[in-house]
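Encoded as structure tokens, the structure appears first; notes follow it.
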4 protein chains.
Amino acid sequence: MAKPNVVSRKELIESAQKCLVEQGIDKFTLKAVAEIAGVTQGTVYYHFRTKEQLLLEVVKDICDRSWGELSEGNENTIQEAIKSAKSRCSHDSFFHKLFLIVMVSGFKNEKIREQLSSILKKENIALSNHLLTIWSKSPIEGISMETWGIFFNAIVDGLALQALLFENFPVEKIYHELEQLFLGISKLQKEGGN
Amino acid sequence: MAKPNVVSRKELIESAQKCLVEQGIDKFTLKAVAEIAGVTQGTVYYHFRTKEQLLLEVVKDICDRSWGELSEGNENTIQEAIKSAKSRCSHDSFFHKLFLIVMVSGFKNEKIREQLSSILKKENIALSNHLLTIWSKSPIEGISMETWGIFFNAIVDGLALQALLFENFPVEKIYHELEQLFLGISKLQKEGGN
Amino acid sequence: MAKPNVVSRKELIESAQKCLVEQGIDKFTLKAVAEIAGVTQGTVYYHFRTKEQLLLEVVKDICDRSWGELSEGNENTIQEAIKSAKSRCSHDSFFHKLFLIVMVSGFKNEKIREQLSSILKKENIALSNHLLTIWSKSPIEGISMETWGIFFNAIVDGLALQALLFENFPVEKIYHELEQLFLGISKLQKEGGN
Amino acid sequence: MAKPNVVSRKELIESAQKCLVEQGIDKFTLKAVAEIAGVTQGTVYYHFRTKEQLLLEVVKDICDRSWGELSEGNENTIQEAIKSAKSRCSHDSFFHKLFLIVMVSGFKNEKIREQLSSILKKENIALSNHLLTIWSKSPIEGISMETWGIFFNAIVDGLALQALLFENFPVEKIYHELEQLFLGISKLQKEGGN
DNA sequence: GATGAATGAGCTTTCATTCAT
DNA sequence: CATGAATGAAAGCTCATTCAT
């Protein structure tokens with residue numbers, strides 16, 4: 001019943017991700033992927049017809065995971081959402097590195113761009129919805145709830161980018177202050193309610 | 001054959017940047033750069049001893065320009081700063097594409113990472129200073145002025161990232177709302193003064 | 001395309017040797033080797049990871065063969081040993097050309113130098129031992145049996161060198177006289193026995 | 001009166017020889033030669049129209065020097081001749097390395113081969129003549145005086161070859177025994193005179 | 001005379017891809 | 001299913017050579 005080599009495919013995708021992050025985009029070769037997975041080049045070809053196909057499946061996998069995390073929706077408070085973002089943000093963040101690498105590849109690959117933009121969009125929406133459950137309405141006039149999601153996502157990504165670039169990015173401190181920012185803005189909302 | 005002085009280093013660096021952005025990172029070959037510059041491969045090698053060296057000089061050039069813009073400091077109001085950020089943000093932004101591409105290359109190249117992080121740091125500081133001239137003190141307790149610079153830079157970069165990914169990112173709208181965000185926060189500062 | 005098992009490593013090594021001797025050291029390119037072997041450059045690279053590696057295996061092969069010949073030890077008399085040396089000595093001697101070419105390459109490659117010196121040493125020893133079975137003791141006082149092996153080897157190599165350089169080196173004549181030399185020296189040994 | 005740049009040409013040839021010996025045959029590039037001489041590539045071209053021409057002049061220079069040494073003829077005894085040979089023989093002998101390198105290049109260059117063979121021939125003859133002044137006639141019947149010169153030259157070259165290959169070639173010891181060999185053979189001649 | 005920028009052919013090497021086994 | 005030998009196109013790079021200055 002159990003399908004054989006379902007694992008194998010998944011392992012190869014994970015090896016590819018590992019390769020991308022650990023060896024960098026220009027050493028992302030099928031030979032390298034094969035080596036990490038402990039198989040031969042031919043085997044990689046057996047599972048993915050081309051290199052592009054493998055890259056695409058890497059992207060799909062990223063999206064699936066991301067989607068899974070969003071659906072879990074176990075972040076009930078702003079604090080938890082920020083905590084979750086923080087955990088993915090550090091100087092050596094596997095996830096953000098991988099995301100940026102495939103994003104850059106996506107500049108010349110419409111399929112990749114589409115997939116990545118679709119999860120980003122979903123994140124934006126999920127964040128908006130989340131904020132809606134916390135705030136009854138936008139804390140600042142002129143900023144739609146959709147935009148609040150975009151802003152939150154943008155700031156989290158922007159911080160991740162800095163964390164990847166800086167050797168000693170003070171993740172703890174910055175995320176603590178990010179929490180203050182949201183509390184401050186949230187207060188605005190309550191006051192604005194008057 | 002062998003006509004002297006047909007290209008300058010600067011022209012080659014610009015060709016390299018064009019190549020990176022227009023052809024993508026994996027078609028960034030010295031042949032392509034040479035073609036764009038209208039010279040032969042040998043000429044590129046005469047000026048930059050390796051491909052890595054060329055990439056490094058591309059990064060240096062980005063940093064120099066960025067630094068130049070910061071020094072000009074002709075953004076006197078928040079509105080102008082946001083306007084300037086907006087102008088660099090669009091679905092096909094040359095600058096941000098280039099930045100991300102070299103940043104991803106920098107993941108495996110310490111020299112590149114250092115340079116890029118140094119300009120980002122300068123941007124953060126310039127922004128903090130700018131905000132300091134507008135706000136007398138931090139509008140929200142618990143957030144240092146340094147962090148406001150980091151936040152502003154992060155949100156701008158995060159939005160640029162989305163703009164690169166989405167086909168129809170509403171730059172105008174979002175940047176208008178970003179202005180509202182800053183006005184709202186600024187108001188907090190004044191009130192907090194009481 | 002991609003027909004498996006069209007060449008063996010051994011064939012490639014032989015092609016490389018042919019290339020070195022027939023085309024000379026500075027036309028010893030992997031393209032040339034591949035052409036001689038009737039394969040593509042890629043194939044050569046599949047078997048030997050670098051050009052240096054191929055050269056090293058060429059040297060190893062020379063040593064193995066040389067060692068094989070020494071072990072056979074089917075030269076029972078001085079006359080036979082000289083005959084064997086003569087046969088390898090001529091204006092176009094494949095063996096000596098090859099040896100000198102790799103020796104010169106070995107000047108900047110410790111691994112090659114080591115291998116070549118090791119077979120030369122073995123030749124010296126084999127010759128000493130051979131002479132010992134013919135002469136009961138050194139024919140000339142002050143010259144050890146080890147040195148006789150070195151001298152014999154040196155003169156044979158020196159003659160080979162001249163044969164490679166001169167257009168009309170009188171191999172027959174010189175080797176006949178070399179025989180006289182040994183007979184003369186051998187007589188000394190007998191007389192010295194008194 | 002003093003011709004300018006007469007030196008320069010000579011210096012370039014010496015730089016080329018240095019380059020050949022120190023960097024090896026496959027790093028013998030005009031750029032390397034220019035660097036050693038402290039000039040630019042263009043300058044090397046100004047003096048020698050092609051790389052082959054430079055190599056040829058290197059060979060000519062070797063021959064001129066060698067010929068100069070032969071003409072000096074300040075080796076009056078066998079002991080002095082052997083001493084002179086010994087001095088040129090060591091694990092790092094500049095002269096023999098250079099000779100072998102250009103000899104190997106000469107395998108595919110008739111002009112080089114001719115020049116080298118001509119000096120070798122002269123050496124052979126000079127040695128024969130020298131021996132003739134010491135021995136009234138050949139010490140061993142059947143060996144012509146010409147051949148004695150060839151033998152002596154061959155053994156000296158063969159020993160040099162071993163010295164280049166072995167890390168610890170016992171030059172002192174071997175050359176002392178070579179002297180014994182000649183003394184032994186010389187004695188034969190006197191006895192044979194009876 | 002001398003220089004250094006430019007060239008282009010050709011080199012070593014890498015790599016996605018194919019295919020017989 | 002999986003392998004590994006083979007391929008060929010294209011990459012990075014080197015270098016003898018040319019030429020305007």
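Within each chain, counting starts at residue 1; across the structure tokens, chains are named A, B, ... in the order shown, with ligands numbered 1 upward in that order.
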Please identify every residue of segment 72-115 of chain B that has at least one atom no farther than 10 Å from an atom of segment 151-171 of chain B, counting only C-alpha atoms, and for each give the shortest atom pair and the distance in Å to one decimal, arranged by chain then increasing number, as CSV.
```
residue,atom,partner,partner_atom,distance
B:Ile82,CA,B:Val156,CA,8.6
B:Ala85,CA,B:Val156,CA,6.9
B:Lys86,CA,B:Val171,CA,7.0
B:Ser87,CA,B:Val171,CA,9.1
B:Arg88,CA,B:Ala160,CA,8.1
B:Cys89,CA,B:Ala160,CA,5.3
B:Ser90,CA,B:Ala163,CA,5.5
B:His91,CA,B:Leu164,CA,4.5
B:Asp92,CA,B:Leu164,CA,6.3
B:Ser93,CA,B:Leu164,CA,7.1
B:Phe94,CA,B:Leu164,CA,9.8
B:Phe95,CA,B:Ala160,CA,9.9
B:His96,CA,B:Ala160,CA,6.9
B:Lys97,CA,B:Leu164,CA,7.5
B:Leu100,CA,B:Leu161,CA,8.8
```
Assign secondary structure with DSSP using the backbone only, and return the residues of segment 28-167 of chain B in helix (DSSP H, G or I) as an NGL selection string.
-> :B and (30-37 or 41-47 or 51-72 or 78-87 or 94-106 or 110-134 or 145-165)
Can you check the Cα RMSD once chain A has been least-squares fitted onto chain B over every paired atom, in order?
->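 2.8 Å is the C-alpha RMSD between the two chains.
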What is the atom CA of Ile143 of chain A-atom CA of Gln180 of chain B distance in Å, reported with one decimal?
-> 6.9 Å
How many Å lie between atom CA of Tyr46 of chain A and atom CA of Gly106 of chain A, rounded to one decimal?
-> 24.1 Å
Find the residues in chain D near chain F: any atom within 9 Å counts, using only C-alpha atoms (C1' of nucleotides). Write them as a count of residues only.
-> 6
When the cut-off is 9 Å and we count only C-alpha atoms (C1' of nucleotides), which residues of chain E are near chain A, given as an mmCIF file with N, CA and C atoms (P, O5', C5', C4', C3', O3' and C1' of nucleotides), in the first residue's frame?
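Final file, result_20.cif:
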```
data_model
loop_
_atom_site.group_PDB
_atom_site.id
_atom_site.type_symbol
_atom_site.label_atom_id
_atom_site.label_comp_id
_atom_site.auth_asym_id
_atom_site.auth_seq_id
_atom_site.Cartn_x
_atom_site.Cartn_y
_atom_site.Cartn_z
ATOM 1 P P DC E 15 29.516 22.838 -11.908
ATOM 2 O "O5'" DC E 15 28.357 22.396 -12.880
ATOM 3 C "C5'" DC E 15 28.076 23.245 -13.993
ATOM 4 C "C4'" DC E 15 27.088 22.590 -14.925
ATOM 5 C "C3'" DC E 15 26.203 21.521 -14.267
ATOM 6 O "O3'" DC E 15 24.869 21.796 -14.594
ATOM 7 C "C1'" DC E 15 27.206 20.671 -16.223
ATOM 8 P P DA E 16 23.696 21.375 -13.677
ATOM 9 O "O5'" DA E 16 22.574 21.108 -14.766
ATOM 10 C "C5'" DA E 16 22.261 22.163 -15.665
ATOM 11 C "C4'" DA E 16 21.831 21.591 -17.005
ATOM 12 C "C3'" DA E 16 20.622 20.662 -16.967
ATOM 13 O "O3'" DA E 16 19.857 20.889 -18.134
ATOM 14 C "C1'" DA E 16 22.490 19.474 -17.805
ATOM 15 P P DT E 17 18.450 20.168 -18.248
ATOM 16 O "O5'" DT E 17 18.816 18.888 -19.103
ATOM 17 C "C5'" DT E 17 19.482 19.065 -20.351
ATOM 18 C "C4'" DT E 17 19.957 17.733 -20.888
ATOM 19 C "C3'" DT E 17 18.953 16.572 -20.790
ATOM 20 O "O3'" DT E 17 18.608 16.197 -22.117
ATOM 21 C "C1'" DT E 17 21.156 15.883 -20.280
#
```
Measuring atom to atom with only C-alpha atoms (C1' of nucleotides), identify which of B:Ser8, B:Asn124, B:Gln17, B:Ser66 is nearest to DA5 of chain E.
->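 That would be B:Ser8, the residue with the smallest distance to DA5 of chain E.
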Neighbours of Ile101 of chain D within 12 Å (only C-alpha atoms (C1' of nucleotides); same-chain residues fewer than 2 positions away dropped), as a ChimeraX atom specification?
-> /C:25-26,100-108 /D:17-26,28,55,58-59,62,94-99,103-107,112-113,116,161
Include C-alpha atoms and write out the residues we just selected as a PDB file, in the first residue's frame.
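Generated file (again.pdb):
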```pdb
ATOM      1  CA  ILE C  25      54.187  18.800 -24.538  1.00  0.00           C
ATOM      2  CA  ASP C  26      52.582  22.047 -25.527  1.00  0.00           C
ATOM      3  CA  LEU C 100      61.852  12.994 -20.563  1.00  0.00           C
ATOM      4  CA  ILE C 101      58.619  14.843 -21.236  1.00  0.00           C
ATOM      5  CA  VAL C 102      57.024  13.730 -18.002  1.00  0.00           C
ATOM      6  CA  MET C 103      60.290  14.247 -16.173  1.00  0.00           C
ATOM      7  CA  VAL C 104      60.350  17.865 -17.289  1.00  0.00           C
ATOM      8  CA  SER C 105      56.738  18.225 -16.210  1.00  0.00           C
ATOM      9  CA  GLY C 106      57.749  16.681 -12.935  1.00  0.00           C
ATOM     10  CA  PHE C 107      60.126  19.537 -12.214  1.00  0.00           C
ATOM     11  CA  LYS C 108      57.147  21.439 -10.887  1.00  0.00           C
TER      12      LYS C 108
ATOM     13  CA  GLN D  17      65.642  31.169 -18.667  1.00  0.00           C
ATOM     14  CA  LYS D  18      64.797  31.958 -15.084  1.00  0.00           C
ATOM     15  CA  CYS D  19      61.136  31.652 -15.898  1.00  0.00           C
ATOM     16  CA  LEU D  20      61.583  28.294 -17.625  1.00  0.00           C
ATOM     17  CA  VAL D  21      63.541  26.824 -14.740  1.00  0.00           C
ATOM     18  CA  GLU D  22      61.637  28.376 -11.853  1.00  0.00           C
ATOM     19  CA  GLN D  23      58.072  28.287 -13.105  1.00  0.00           C
ATOM     20  CA  GLY D  24      58.221  25.320 -15.386  1.00  0.00           C
ATOM     21  CA  ILE D  25      57.515  24.880 -19.042  1.00  0.00           C
ATOM     22  CA  ASP D  26      53.785  25.388 -18.904  1.00  0.00           C
ATOM     23  CA  PHE D  28      56.525  29.932 -19.459  1.00  0.00           C
ATOM     24  CA  LEU D  55      62.814  30.408 -26.993  1.00  0.00           C
ATOM     25  CA  VAL D  58      67.306  31.167 -25.103  1.00  0.00           C
ATOM     26  CA  VAL D  59      68.695  28.047 -26.727  1.00  0.00           C
ATOM     27  CA  ILE D  62      72.729  28.222 -23.736  1.00  0.00           C
ATOM     28  CA  PHE D  94      69.830  25.375 -13.107  1.00  0.00           C
ATOM     29  CA  PHE D  95      71.799  24.384 -16.159  1.00  0.00           C
ATOM     30  CA  HIS D  96      70.630  20.816 -16.564  1.00  0.00           C
ATOM     31  CA  LYS D  97      67.029  21.685 -15.865  1.00  0.00           C
ATOM     32  CA  LEU D  98      67.130  24.358 -18.496  1.00  0.00           C
ATOM     33  CA  PHE D  99      68.811  22.040 -20.949  1.00  0.00           C
ATOM     34  CA  MET D 103      65.420  19.728 -25.238  1.00  0.00           C
ATOM     35  CA  VAL D 104      61.877  18.530 -24.661  1.00  0.00           C
ATOM     36  CA  SER D 105      60.595  21.612 -26.454  1.00  0.00           C
ATOM     37  CA  GLY D 106      63.007  20.766 -29.227  1.00  0.00           C
ATOM     38  CA  PHE D 107      61.300  17.445 -29.851  1.00  0.00           C
ATOM     39  CA  ILE D 112      66.127  23.884 -31.393  1.00  0.00           C
ATOM     40  CA  ARG D 113      67.054  20.252 -31.839  1.00  0.00           C
ATOM     41  CA  LEU D 116      71.279  21.470 -28.997  1.00  0.00           C
ATOM     42  CA  LEU D 161      69.417  13.376 -14.772  1.00  0.00           C
TER      43      LEU D 161
END
```
Non-local contacts of Ser71 of chain C (12 Å; only C-alpha atoms (C1' of nucleotides); under 4 positions in same chain excluded) as an mmCIF file with N, CA and C atoms, in the first residue's frame:
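Below is the file that was written, around-v5.cif:
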```cif
data_model
loop_
_atom_site.group_PDB
_atom_site.id
_atom_site.type_symbol
_atom_site.label_atom_id
_atom_site.label_comp_id
_atom_site.auth_asym_id
_atom_site.auth_seq_id
_atom_site.Cartn_x
_atom_site.Cartn_y
_atom_site.Cartn_z
ATOM 1 N N ASP C 64 54.559 1.447 -13.833
ATOM 2 C CA ASP C 64 54.087 0.061 -13.742
ATOM 3 C C ASP C 64 54.722 -0.801 -14.811
ATOM 4 N N ARG C 65 54.717 -0.285 -16.039
ATOM 5 C CA ARG C 65 55.313 -1.058 -17.128
ATOM 6 C C ARG C 65 56.785 -1.319 -16.868
ATOM 7 N N SER C 66 57.472 -0.252 -16.492
ATOM 8 C CA SER C 66 58.904 -0.360 -16.275
ATOM 9 C C SER C 66 59.181 -1.412 -15.207
ATOM 10 N N TRP C 67 58.358 -1.350 -14.165
ATOM 11 C CA TRP C 67 58.514 -2.294 -13.071
ATOM 12 C C TRP C 67 58.254 -3.716 -13.550
ATOM 13 N N GLU C 75 66.923 -11.036 -18.494
ATOM 14 C CA GLU C 75 68.229 -10.692 -19.062
ATOM 15 C C GLU C 75 69.305 -11.378 -18.229
ATOM 16 N N ILE C 119 61.161 4.728 -9.785
ATOM 17 C CA ILE C 119 61.504 3.650 -10.731
ATOM 18 C C ILE C 119 62.976 3.696 -11.117
ATOM 19 N N LYS C 122 64.779 1.883 -8.551
ATOM 20 C CA LYS C 122 64.615 0.426 -8.708
ATOM 21 C C LYS C 122 65.470 -0.113 -9.839
ATOM 22 N N GLU C 123 65.548 0.652 -10.912
ATOM 23 C CA GLU C 123 66.411 0.230 -12.016
ATOM 24 C C GLU C 123 67.859 0.139 -11.561
ATOM 25 N N ILE C 125 69.011 -0.396 -8.625
ATOM 26 C CA ILE C 125 69.190 -1.557 -7.749
ATOM 27 C C ILE C 125 69.179 -2.855 -8.541
ATOM 28 N N ALA C 126 68.216 -2.965 -9.452
ATOM 29 C CA ALA C 126 68.137 -4.181 -10.265
ATOM 30 C C ALA C 126 69.441 -4.390 -11.034
ATOM 31 N N LEU C 127 69.983 -3.289 -11.552
ATOM 32 C CA LEU C 127 71.236 -3.409 -12.296
ATOM 33 C C LEU C 127 72.393 -3.827 -11.392
ATOM 34 N N HIS C 130 72.080 -7.421 -10.724
ATOM 35 C CA HIS C 130 72.440 -8.166 -11.917
ATOM 36 C C HIS C 130 73.957 -8.270 -12.050
#
```
Restricting the calculation to only C-alpha atoms, which member of C:Lys27, C:Glu14, C:Glu69, C:Ser136 is positioned closest to chain D?
->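 With only C-alpha atoms as the atom set, the closest residue is C:Lys27.
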Expressed in Å to a single decimal, how great is the separation between atom CA of Ile185 of chain C and atom CA of Ile185 of chain D?
->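 About the pair atom CA of Ile185 of chain C and atom CA of Ile185 of chain D: they are 7.8 Å apart.
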